[in-house]
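Student: There's a structure below that I have some questions on.
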Amino acid sequence: MQARGATILVVEDDTRVRLVTEMMLESLGHDVLSAEDGPQAISLFESSERPIDLLLSDVILPRGVNGRQLAEEILSRGPETKLLMVSGYAREELIATRALDPAAPFLSKPYLVAALSRLIARELGQTVAA
């Protein structure tokens, strides 16, 4: 796949983190949809007129649907959608509590735009300039 702007669904309950992430992704040339929780994300996914290339979700979310459950739900509806999970908690802790699938691509918060860009490109099968 050649490099291109992707449509990314960002799910983050912290408004400031969500806005900064949106700005990072838009600066990289991606189209961004955003939600503050799982139910809102599922609704956006279902109503989107364009396919969602990547779900970028916080692992710990409010309102009864955590990031792992959200990812399972989104991938059951759109198996071609790629995944990137993020959290301020340690990956090992999230795996131990079963909040994170050990196979899920993961990025620790806070993250830099370069790290975010590399992981998104990797998940979408794109190449990134060094």
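Identifiers for the structure tokens are assigned positionally: chains receive A, B, ... in sequence, residues are indexed from 1 per chain, and ligands are indexed from 1 in the order shown.
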Using only C-alpha atoms, which protein or nucleic acid residues come within 8 Å of Leu61 of chain A? Drop anything in the same chain fewer than 2 positions from it, and give the result as a PyMOL selection string.
Tutor: chain A and resi 12-13+37-38+58-59+63-67
Student: Can you pull out every residue from segment 33-109 of chain A that DSSP, working from the backbone, puts in alpha helix (DSSP H), and format the result as an MDAnalysis selection string?
Tutor: chainID A and resid 38:47 67:77 91:96
Student: Between A:Val113, A:Leu119, A:Leu70, A:Ile42, which residue has the minimum interatomic distance to Val20 of chain A, considering only C-alpha atoms?
Tutor: A:Val113
Student: Identify which of the residues A:Val10, A:Leu44, A:Leu83, A:Ala35 lies closest to Pro62 of chain A, counting only C-alpha atoms when measuring atom-to-atom distances.
Tutor: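 Result for the nearest residue to Pro62 of chain A: A:Ala35.
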Student: Can you tell me how far atom CA of Glu46 of chain A sits from atom CA of Gly78 of chain A, in Å to one decimal?
Tutor: 9.4 Å
Student: What residues in chain A get the DSSP label strand (DSSP E)? Please answer as a list in words.
Tutor: Thr7, Ile8, Leu9, Val10, Val11, Asp31, Val32, Leu33, Ser34, Ala35, Leu54, Leu55, Leu56, Ser57, Asp58, Lys82, Leu83, Leu84, Met85, Val86, Ser87, Phe106, Leu107 and Ser108 of chain A
Student: Write out as an MDAnalysis selection string the residues lying within 10 Å of segment 84-97 of chain A, counting only C-alpha atoms and excluding same-chain residues fewer than 5 positions away.
Tutor: chainID A and resid 10:12 54:60 67:68 71 102:111 116 119:120 123
